[in-house]
Protein chains: 2
Amino acid sequence: MTRFGRRDEKLPDLMAEAALAAMADAGIDRPDAVIVAAMNPEEFTGEGNYGSLIATRLGLSHVPALRVETATSSGVAAVYSAFAAIAAGLQRSVLVVGGEKMTHLATPRVSEIIGRSIDPHEKSYGTTMPALAGLVTRAAMHRRGLTLREISQVAVKNHAHGARNPYAHFRDPVTLEAVMESRLVADPLRLYHCCPISDGGAALLLTVERRAVRIAGIGQGGDTLAVRYRRDLTSFRATQAAADAAYRMAGFGAERVDVAEVHDAFTPFELISLEDTGLVPPGKAGRATLDGHTAIGGRLPVNTSGGLKARGHPLAATGISQLVELCWQLTGRAEGRQVEAHVGLAQSIGGLATNNWVTLLEGRR
Amino acid sequence: MTRFGRRDEKLPDLMAEAALAAMADAGIDRPDAVIVAAMNPEEFTGEGNYGSLIATRLGLSHVPALRVETATSSGVAAVYSAFAAIAAGLQRSVLVVGGEKMTHLATPRVSEIIGRSIDPHEKSYGTTMPALAGLVTRAAMHRRGLTLREISQVAVKNHAHGARNPYAHFRDPVTLEAVMESRLVADPLRLYHCCPISDGGAALLLTVERRAVRIAGIGQGGDTLAVRYRRDLTSFRATQAAADAAYRMAGFGAERVDVAEVHDAFTPFELISLEDTGLVPPGKAGRATLDGHTAIGGRLPVNTSGGLKARGHPLAATGISQLVELCWQLTGRAEGRQVEAHVGLAQSIGGLATNNWVTLLEGRR
């Protein structure tokens, strides 16, 4: 993956940087197919036809290429598509590369583009993604006893992790006080409860051969585009269904997971996601975080990369970068933040939890 | 599929109309997954997250859904993704639905959006898709002896076919004279050599069970985004590679094909595509067209639906609608335009032939 953050390079160059690194690492310079993830390159960069554009940029214009999209979880949708093509015997090796370039645009324009993932009717009332996240957070505080201190501690932890990751957007630790006193974005969410707008690319090379890390399970879950139609605002049905499917494929459950990357676009989502995936019992994620159980050195390190909060969130790169971090953790290459792990879980959220993914990676003993 | 043309409905409603018809026809009301094809719904309609949006619109919000894109051939990319998921054993039934809504926008805006598929450098000189197609056509006339009469006869034939298809955008026959005297768009291409801007949706239900029609082969081919880097302007490498892959998977060749739908976004592309797929020997497609061999009643009926030229071209719906037409032909349901056919070939072009697909469908004897 590239370093995430404000990058001057164009999106094809960021994707190429990640893709070439993945191909070099795998020792495969001509994959059978290329699958590109980008949430909205047309509006972010003015260019489309991204499958062909990236294949051409990589000198692989004769290699079949396509683009897959599930809003902010597009990266994992691309991994799934590659997994399916290989499992079907259609290809032996597939390059998956995702990325987004956003920081060159004004924030209101970025919000407008991201806001296309929201139910049109809800959007007609002026709803934004942070506004919906604020609504979910307020409901979780009211109904499930989530506290501001808990969601703030997630930011403190993930910034501390990001400080140890050379690929992270933010590498400065933050204090609990700074988080809780940062400016209000969408009540009760403050600036430091929200991930940044980032540029970056990430890539994986999937092959039919057994290598250092294998995909043990991958599952997808859906939910209504309109948040108002959901039975429960304080957990994500799409994550629960994705986790069920991934555990079913893997043939094991949450008890085998040693390390996790979850989608903390807003810090309360880390807590909700830990419970939705069964990694932490219902209602216990806040306490586990305050007690340090999810920090590096704790019993279940979560977002060792810094998470979306500190590593950054270049949309379609994010889900892939979670798996890159797990690959590094499972193969002993997470220098400066290495944990002891054999099985890793990644959870990615598309839109306001309309299209979520859970992936289980297993290292070779 | 929906009727193609100027439609007042919104894109989700067009896609839903097609999807519900496909599900009813298959007798499956809850597929295991939904795969959506749309080239650029964000810019055409202002909405994104189309996997979740369409699944929700269909009352299938809990069914995993994703979107696939390869520019103007996106519909077939979605079919391929569904095929791979089923072949991998990940799903037993997948709804594929594609569509585009364009006619509500001014033509220059539609051209701008479609133009995002062109190599950025070539676009910087003011190149448009019709301009590139004009370049290809001029080269084919100069180097391969293609004539204006031949490319005009394709329009006459396809309008005659469209007149027999209740789903077609254009249902009026045109004369050779009218085609050759229509206004110039991009020399030598005239208005009637170009497909219209259309709205519409199309859907297929793929299942693991053997039904009336099976996918015997599906192949994808790529080429450089930049047209200037290609060895040959007068044939499409991406079609040739896609056809090779599809025939290889099917275990048979062009000689078994009884009926074909090819991507005549510009009428000379029908002739080029017939030769690239091996359906007609090199240099013979123009003559075959003038002699009526590719008309309904001829020995290889091509674009019985009217093709992109007359059925219309709602981008991501197009590749799927080609397969819908073949399904109808192979099961004796192409009322008013039925031909005798057991094997059908569909060929779809993404961008300026950067990302092409060939699919072979086989009916049950």
# chains A, B, ... in the order shown; residues from 1 in each chain; ligands from 1
call {"tool": "interface_residues", "arguments": {"of": "chain A", "to": "chain B", "cutoff": "7 Å", "atoms": "only C-alpha atoms", "output": "JSON, numbers by chain"}}
result
{"A": [46, 47, 48, 49, 51, 52, 53, 56, 61, 62, 63, 64, 66, 67, 68, 69, 70, 71, 81, 84, 85, 87, 88, 116, 117, 220, 221, 222, 223, 224, 225, 351, 354, 355]}
call {"tool": "calpha_fit_and_write", "arguments": {"fixed": "chain A", "moving": "chain B", "output": "CSV table (one decimal) with C-alpha atoms, in the first residue's frame"}}
result
chain,number,residue,atom,x,y,z
B,1,MET,CA,0.0,0.0,0.0
B,2,THR,CA,1.0,3.6,-0.4
B,3,ARG,CA,1.4,5.9,2.5
B,4,PHE,CA,-2.1,7.4,3.1
B,5,GLY,CA,-2.6,11.1,3.5
B,6,ARG,CA,-2.5,14.2,1.4
B,7,ARG,CA,-0.7,13.1,-1.7
B,8,ASP,CA,0.3,15.1,-4.7
B,9,GLU,CA,0.3,12.1,-7.1
B,10,LYS,CA,-2.7,11.4,-9.3
B,11,LEU,CA,-4.9,8.4,-8.5
B,12,PRO,CA,-3.5,6.1,-11.2
B,13,ASP,CA,0.0,6.7,-9.9
B,14,LEU,CA,-1.1,5.9,-6.3
B,15,MET,CA,-2.8,2.7,-7.5
B,16,ALA,CA,0.2,1.8,-9.6
B,17,GLU,CA,2.6,2.3,-6.6
B,18,ALA,CA,0.5,-0.1,-4.5
B,19,ALA,CA,0.0,-2.6,-7.3
B,20,LEU,CA,3.7,-2.8,-8.3
B,21,ALA,CA,4.6,-3.3,-4.7
B,22,ALA,CA,2.1,-6.2,-4.3
B,23,MET,CA,3.3,-7.8,-7.6
B,24,ALA,CA,6.9,-7.5,-6.5
B,25,ASP,CA,6.1,-9.0,-3.1
B,26,ALA,CA,4.3,-11.9,-4.7
B,27,GLY,CA,6.8,-12.4,-7.5
B,28,ILE,CA,4.1,-12.2,-10.1
B,29,ASP,CA,4.5,-9.6,-12.8
B,30,ARG,CA,1.7,-10.6,-15.1
B,31,PRO,CA,-1.5,-11.7,-13.2
B,32,ASP,CA,-4.3,-13.4,-15.2
B,33,ALA,CA,-6.7,-10.5,-14.3
B,34,VAL,CA,-6.9,-7.1,-12.7
B,35,ILE,CA,-9.8,-6.0,-10.5
B,36,VAL,CA,-9.9,-2.4,-9.6
B,37,ALA,CA,-11.8,-0.8,-6.7
B,38,ALA,CA,-12.6,2.9,-6.8
B,39,MET,CA,-15.8,4.4,-5.3
B,40,ASN,CA,-16.2,7.3,-7.7
B,41,PRO,CA,-13.1,8.1,-9.7
B,42,GLU,CA,-15.3,9.9,-12.3
B,43,GLU,CA,-16.3,12.7,-9.9
B,44,PHE,CA,-13.2,12.7,-7.7
B,45,THR,CA,-10.7,12.8,-10.7
B,46,GLY,CA,-12.7,13.4,-13.9
B,47,GLU,CA,-11.6,10.0,-15.4
B,48,GLY,CA,-13.6,6.8,-15.7
B,49,ASN,CA,-13.1,3.3,-17.4
B,50,TYR,CA,-10.8,2.6,-14.5
B,51,GLY,CA,-10.3,-1.1,-15.2
B,52,SER,CA,-8.8,-0.3,-18.5
B,53,LEU,CA,-7.1,2.8,-17.3
B,54,ILE,CA,-5.2,1.1,-14.4
B,55,ALA,CA,-4.4,-2.0,-16.5
B,56,THR,CA,-2.9,0.3,-19.1
B,57,ARG,CA,-1.0,2.3,-16.5
B,58,LEU,CA,0.5,-0.9,-15.2
B,59,GLY,CA,1.6,-2.1,-18.7
B,60,LEU,CA,-1.1,-4.8,-18.4
B,61,SER,CA,-3.5,-3.5,-21.1
B,62,HIS,CA,-3.9,-7.0,-22.5
B,63,VAL,CA,-4.9,-8.4,-19.1
B,64,PRO,CA,-8.7,-8.5,-18.5
B,65,ALA,CA,-9.6,-5.8,-16.0
B,66,LEU,CA,-12.8,-4.7,-14.4
B,67,ARG,CA,-14.0,-2.4,-11.6
B,68,VAL,CA,-16.1,-3.3,-8.6
B,69,GLU,CA,-18.0,-0.9,-6.3
B,70,THR,CA,-19.9,-1.1,-3.1
B,71,ALA,CA,-19.4,2.5,-1.9
B,72,THR,CA,-16.9,2.8,0.9
B,73,SER,CA,-16.3,-0.9,1.1
B,74,SER,CA,-15.5,-1.3,-2.6
B,75,GLY,CA,-12.0,-2.6,-1.9
B,76,VAL,CA,-13.3,-5.8,-0.3
B,77,ALA,CA,-15.9,-6.3,-3.0
B,78,ALA,CA,-12.9,-6.4,-5.4
B,79,VAL,CA,-11.1,-8.9,-3.2
B,80,TYR,CA,-14.3,-11.0,-3.2
B,81,SER,CA,-14.6,-10.9,-7.0
B,82,ALA,CA,-11.0,-12.0,-7.3
B,83,PHE,CA,-11.6,-14.8,-4.8
B,84,ALA,CA,-14.7,-16.0,-6.7
B,85,ALA,CA,-12.8,-16.0,-10.1
B,86,ILE,CA,-10.0,-18.0,-8.6
B,87,ALA,CA,-12.3,-20.4,-6.7
B,88,ALA,CA,-14.2,-20.9,-10.0
B,89,GLY,CA,-11.0,-21.9,-11.7
B,90,LEU,CA,-11.4,-19.0,-14.2
B,91,GLN,CA,-8.1,-17.4,-13.1
B,92,ARG,CA,-4.9,-18.5,-11.3
B,93,SER,CA,-3.7,-15.1,-10.1
B,94,VAL,CA,-5.6,-11.8,-9.8
B,95,LEU,CA,-4.3,-8.4,-8.9
B,96,VAL,CA,-6.7,-6.4,-6.7
B,97,VAL,CA,-6.0,-2.7,-6.5
B,98,GLY,CA,-8.0,0.0,-4.9
B,99,GLY,CA,-7.6,3.7,-4.3
B,100,GLU,CA,-9.2,7.1,-4.1
B,101,LYS,CA,-7.9,10.7,-4.5
B,102,MET,CA,-9.9,13.3,-2.7
B,103,THR,CA,-7.8,15.9,-0.9
B,104,HIS,CA,-7.5,18.1,-3.9
B,105,LEU,CA,-11.2,18.9,-3.7
B,106,ALA,CA,-12.9,21.2,-1.3
B,107,THR,CA,-14.5,19.4,1.6
B,108,PRO,CA,-18.1,20.3,0.7
B,109,ARG,CA,-17.6,18.7,-2.7
B,110,VAL,CA,-16.1,15.6,-1.1
B,111,SER,CA,-19.1,15.4,1.2
B,112,GLU,CA,-21.5,15.8,-1.7
B,113,ILE,CA,-19.8,12.9,-3.6
B,114,ILE,CA,-19.7,10.6,-0.5
B,115,GLY,CA,-23.3,11.7,0.2
B,116,ARG,CA,-24.5,9.9,-3.0
B,117,SER,CA,-24.4,6.7,-0.9
B,118,ILE,CA,-27.2,8.0,1.3
B,119,ASP,CA,-30.9,7.2,0.6
B,120,PRO,CA,-32.2,10.0,-1.7
B,121,HIS,CA,-35.2,10.7,0.5
B,122,GLU,CA,-33.1,11.0,3.7
B,123,LYS,CA,-30.6,13.1,1.8
B,124,SER,CA,-33.3,15.5,0.7
B,125,TYR,CA,-33.6,16.7,4.3
B,126,GLY,CA,-29.9,17.7,4.2
B,127,THR,CA,-28.6,14.5,5.8
B,128,THR,CA,-24.8,13.9,5.5
B,129,MET,CA,-22.8,10.8,6.4
B,130,PRO,CA,-21.5,12.4,9.6
B,131,ALA,CA,-25.1,13.4,10.5
B,132,LEU,CA,-26.3,9.8,10.1
B,133,ALA,CA,-23.3,8.6,12.1
B,134,GLY,CA,-24.2,11.1,14.8
B,135,LEU,CA,-27.7,9.8,14.9
B,136,VAL,CA,-26.4,6.2,15.3
B,137,THR,CA,-24.0,7.3,18.1
B,138,ARG,CA,-26.7,9.3,20.0
B,139,ALA,CA,-29.0,6.2,19.8
B,140,ALA,CA,-26.2,3.9,21.1
B,141,MET,CA,-25.5,6.3,24.0
B,142,HIS,CA,-29.2,6.5,24.9
B,143,ARG,CA,-30.1,2.8,24.5
B,144,ARG,CA,-26.8,0.9,25.1
B,145,GLY,CA,-25.0,3.1,27.5
B,146,LEU,CA,-22.2,4.0,25.2
B,147,THR,CA,-20.2,6.9,26.6
B,148,LEU,CA,-18.3,9.8,25.1
B,149,ARG,CA,-15.2,8.7,27.0
B,150,GLU,CA,-15.4,5.3,25.3
B,151,ILE,CA,-15.7,6.6,21.8
B,152,SER,CA,-13.0,9.1,22.5
B,153,GLN,CA,-10.6,6.4,23.8
B,154,VAL,CA,-10.9,4.6,20.5
B,155,ALA,CA,-9.4,7.7,18.9
B,156,VAL,CA,-6.6,7.9,21.4
B,157,LYS,CA,-5.8,4.2,20.9
B,158,ASN,CA,-5.9,4.4,17.1
B,159,HIS,CA,-3.8,7.5,16.9
B,160,ALA,CA,-1.3,5.8,19.2
B,161,HIS,CA,-1.3,2.8,16.8
B,162,GLY,CA,-1.0,5.1,13.7
B,163,ALA,CA,2.0,6.7,15.3
B,164,ARG,CA,3.8,3.3,14.9
B,165,ASN,CA,2.7,2.9,11.2
B,166,PRO,CA,4.8,4.6,8.5
B,167,TYR,CA,1.9,4.3,6.1
B,168,ALA,CA,-0.6,6.2,8.3
B,169,HIS,CA,-2.1,9.5,7.5
B,170,PHE,CA,-1.8,10.7,11.1
B,171,ARG,CA,1.3,9.8,13.0
B,172,ASP,CA,0.8,12.0,16.1
B,173,PRO,CA,-0.7,10.7,19.3
B,174,VAL,CA,-3.7,12.5,20.7
B,175,THR,CA,-4.9,12.9,24.3
B,176,LEU,CA,-8.3,12.0,25.6
B,177,GLU,CA,-8.8,15.6,26.5
B,178,ALA,CA,-7.9,16.8,22.9
B,179,VAL,CA,-10.4,14.4,21.4
B,180,MET,CA,-13.2,15.4,23.8
B,181,GLU,CA,-12.5,19.1,23.3
B,182,SER,CA,-12.2,19.0,19.5
B,183,ARG,CA,-14.8,20.9,17.6
B,184,LEU,CA,-18.3,19.5,17.1
B,185,VAL,CA,-19.0,17.9,13.7
B,186,ALA,CA,-22.4,16.2,14.2
B,187,ASP,CA,-23.5,16.0,17.7
B,188,PRO,CA,-22.2,14.0,19.7
B,189,LEU,CA,-19.4,13.4,17.2
B,190,ARG,CA,-16.4,15.7,17.4
B,191,LEU,CA,-13.7,16.2,14.9
B,192,TYR,CA,-11.4,13.5,16.5
B,193,HIS,CA,-14.2,11.0,16.4
B,194,CYS,CA,-14.2,11.2,12.6
B,195,CYS,CA,-11.7,9.8,10.1
B,196,PRO,CA,-9.9,12.2,7.8
B,197,ILE,CA,-10.3,12.7,4.0
B,198,SER,CA,-7.3,10.9,2.6
B,199,ASP,CA,-5.6,9.9,-0.7
B,200,GLY,CA,-4.0,6.5,-1.2
B,201,GLY,CA,-3.9,3.2,-2.9
B,202,ALA,CA,-3.7,-0.4,-1.7
B,203,ALA,CA,-3.2,-3.7,-3.5
B,204,LEU,CA,-3.2,-7.5,-3.0
B,205,LEU,CA,-2.1,-10.3,-5.2
B,206,LEU,CA,-4.4,-13.3,-4.9
B,207,THR,CA,-3.2,-16.6,-6.3
B,208,VAL,CA,-4.6,-20.2,-6.4
B,209,GLU,CA,-1.3,-21.4,-4.7
B,210,ARG,CA,-1.1,-21.6,-1.0
B,211,ARG,CA,1.1,-18.8,0.1
B,212,ALA,CA,1.9,-17.2,3.4
B,213,VAL,CA,-1.6,-16.1,4.1
B,214,ARG,CA,-4.9,-17.6,3.0
B,215,ILE,CA,-8.5,-16.2,2.9
B,216,ALA,CA,-10.3,-18.6,5.3
B,217,GLY,CA,-13.6,-16.8,4.9
B,218,ILE,CA,-15.2,-13.9,3.2
B,219,GLY,CA,-18.8,-12.8,3.7
B,220,GLN,CA,-21.0,-9.9,2.7
B,221,GLY,CA,-24.1,-8.5,4.3
B,222,GLY,CA,-26.7,-6.0,3.2
B,223,ASP,CA,-29.2,-3.6,4.8
B,224,THR,CA,-31.7,-1.0,3.6
B,225,LEU,CA,-30.3,2.0,2.0
B,226,ALA,CA,-32.7,4.1,4.1
B,227,VAL,CA,-31.6,4.2,7.8
B,228,ARG,CA,-35.1,4.9,8.9
B,229,TYR,CA,-36.4,1.5,7.8
B,230,ARG,CA,-34.0,-0.4,10.1
B,231,ARG,CA,-35.2,-2.2,13.2
B,232,ASP,CA,-32.1,-1.2,15.2
B,233,LEU,CA,-29.9,1.9,14.8
B,234,THR,CA,-27.3,0.8,17.4
B,235,SER,CA,-25.9,-2.3,15.6
B,236,PHE,CA,-25.3,-3.1,11.9
B,237,ARG,CA,-27.3,-5.9,10.5
B,238,ALA,CA,-25.0,-5.9,7.4
B,239,THR,CA,-21.9,-6.6,9.6
B,240,GLN,CA,-23.7,-9.4,11.5
B,241,ALA,CA,-24.7,-11.1,8.3
B,242,ALA,CA,-21.2,-10.7,6.8
B,243,ALA,CA,-19.6,-12.1,9.9
B,244,ASP,CA,-22.0,-15.1,9.9
B,245,ALA,CA,-21.1,-15.8,6.3
B,246,ALA,CA,-17.4,-15.5,6.8
B,247,TYR,CA,-17.3,-17.7,9.9
B,248,ARG,CA,-19.4,-20.3,8.2
B,249,MET,CA,-17.0,-20.4,5.2
B,250,ALA,CA,-14.0,-20.6,7.5
B,251,GLY,CA,-15.5,-23.3,9.7
B,252,PHE,CA,-14.5,-21.4,12.9
B,253,GLY,CA,-15.8,-18.5,15.0
B,254,ALA,CA,-14.7,-15.3,16.7
B,255,GLU,CA,-12.8,-17.2,19.3
B,256,ARG,CA,-10.0,-18.0,16.9
B,257,VAL,CA,-9.4,-14.3,15.9
B,258,ASP,CA,-6.2,-12.8,17.3
B,259,VAL,CA,-6.1,-9.4,15.6
B,260,ALA,CA,-8.7,-7.3,13.9
B,261,GLU,CA,-9.1,-4.3,11.6
B,262,VAL,CA,-12.5,-2.7,11.8
B,263,HIS,CA,-14.2,0.2,10.0
B,264,ASP,CA,-13.8,3.1,12.4
B,265,ALA,CA,-14.8,5.9,10.0
B,266,PHE,CA,-16.4,7.2,13.1
B,267,THR,CA,-14.9,5.9,16.3
B,268,PRO,CA,-18.2,4.6,17.8
B,269,PHE,CA,-18.4,2.3,14.7
B,270,GLU,CA,-15.3,0.4,16.0
B,271,LEU,CA,-17.2,-0.5,19.2
B,272,ILE,CA,-20.4,-1.4,17.3
B,273,SER,CA,-18.4,-3.5,14.8
B,274,LEU,CA,-16.5,-5.4,17.5
B,275,GLU,CA,-19.8,-6.5,19.0
B,276,ASP,CA,-21.5,-7.1,15.6
B,277,THR,CA,-18.6,-9.5,14.6
B,278,GLY,CA,-18.9,-11.3,17.9
B,279,LEU,CA,-15.3,-10.4,18.8
B,280,VAL,CA,-16.5,-8.7,22.1
B,281,PRO,CA,-19.8,-9.6,23.9
B,282,PRO,CA,-22.7,-7.2,23.5
B,283,GLY,CA,-22.3,-4.0,25.5
B,284,LYS,CA,-18.7,-4.8,26.4
B,285,ALA,CA,-16.7,-3.1,23.7
B,286,GLY,CA,-16.5,0.3,25.4
B,287,ARG,CA,-15.2,-1.2,28.6
B,288,ALA,CA,-12.7,-3.4,26.7
B,289,THR,CA,-11.3,-0.3,25.0
B,290,LEU,CA,-11.0,1.7,28.2
B,291,ASP,CA,-9.3,-1.3,29.8
B,292,GLY,CA,-6.7,-1.5,27.0
B,293,HIS,CA,-7.8,-4.9,25.7
B,294,THR,CA,-8.0,-3.7,22.1
B,295,ALA,CA,-4.7,-1.9,22.1
B,296,ILE,CA,-1.4,-3.3,20.9
B,297,GLY,CA,-0.3,-5.5,23.8
B,298,GLY,CA,-3.9,-6.2,24.8
B,299,ARG,CA,-5.6,-9.5,24.4
B,300,LEU,CA,-7.3,-8.6,21.1
B,301,PRO,CA,-5.4,-5.8,19.3
B,302,VAL,CA,-7.8,-3.8,17.1
B,303,ASN,CA,-6.7,-1.5,14.3
B,304,THR,CA,-3.0,-1.9,14.8
B,305,SER,CA,-2.6,0.1,11.6
B,306,GLY,CA,-4.3,3.1,13.2
B,307,GLY,CA,-7.6,2.3,11.6
B,308,LEU,CA,-9.5,4.6,9.4
B,309,LYS,CA,-9.2,7.2,12.1
B,310,ALA,CA,-5.4,7.5,11.9
B,311,ARG,CA,-4.2,5.4,9.0
B,312,GLY,CA,-6.8,7.4,6.9
B,313,HIS,CA,-9.7,6.5,4.7
B,314,PRO,CA,-9.1,6.7,0.9
B,315,LEU,CA,-12.5,5.0,0.4
B,316,ALA,CA,-11.9,2.0,-2.0
B,317,ALA,CA,-8.3,1.6,-0.7
B,318,THR,CA,-9.4,1.2,2.8
B,319,GLY,CA,-10.8,-2.4,2.8
B,320,ILE,CA,-7.8,-3.6,1.0
B,321,SER,CA,-5.4,-1.8,3.3
B,322,GLN,CA,-7.1,-3.5,6.3
B,323,LEU,CA,-6.1,-6.9,4.7
B,324,VAL,CA,-2.6,-5.6,3.9
B,325,GLU,CA,-2.2,-4.8,7.6
B,326,LEU,CA,-3.4,-8.3,8.5
B,327,CYS,CA,-1.1,-9.9,6.0
B,328,TRP,CA,1.8,-8.0,7.6
B,329,GLN,CA,0.7,-9.0,11.1
B,330,LEU,CA,0.3,-12.6,10.1
B,331,THR,CA,3.7,-12.8,8.5
B,332,GLY,CA,5.6,-10.9,11.1
B,333,ARG,CA,6.2,-7.8,9.0
B,334,ALA,CA,4.3,-5.2,11.0
B,335,GLU,CA,7.5,-3.6,12.1
B,336,GLY,CA,7.0,-1.4,15.2
B,337,ARG,CA,3.5,-2.6,15.9
B,338,GLN,CA,3.8,-6.4,15.5
B,339,VAL,CA,1.4,-8.5,17.6
B,340,GLU,CA,1.3,-12.3,18.0
B,341,ALA,CA,-1.4,-13.5,15.6
B,342,HIS,CA,-2.4,-16.4,13.5
B,343,VAL,CA,-5.9,-15.4,12.5
B,344,GLY,CA,-7.0,-11.9,11.6
B,345,LEU,CA,-10.5,-10.4,10.9
B,346,ALA,CA,-11.2,-7.4,8.8
B,347,GLN,CA,-14.6,-5.7,8.7
B,348,SER,CA,-15.5,-3.0,6.1
B,349,ILE,CA,-18.6,-0.8,5.9
B,350,GLY,CA,-20.1,0.4,2.6
B,351,GLY,CA,-22.3,3.5,2.8
B,352,LEU,CA,-24.0,3.9,6.1
B,353,ALA,CA,-23.7,0.1,6.7
B,354,THR,CA,-25.7,-0.8,3.7
B,355,ASN,CA,-23.1,-3.1,2.3
B,356,ASN,CA,-20.6,-4.6,4.7
B,357,TRP,CA,-17.9,-7.3,4.5
B,358,VAL,CA,-16.1,-9.5,6.9
B,359,THR,CA,-12.9,-11.3,5.8
B,360,LEU,CA,-10.9,-13.9,7.8
B,361,LEU,CA,-7.2,-14.3,7.0
B,362,GLU,CA,-5.2,-17.2,8.4
B,363,GLY,CA,-1.4,-17.3,8.5
B,364,ARG,CA,0.7,-20.4,7.8
B,365,ARG,CA,1.9,-21.9,11.1
call {"tool": "select_by_dssp", "arguments": {"residues": "stretch 36-151 of chain B", "states": "strand (DSSP E or B)", "output": "VMD selection string"}}
result
chain B and resid 36 to 37 65 to 70 72 93 to 100
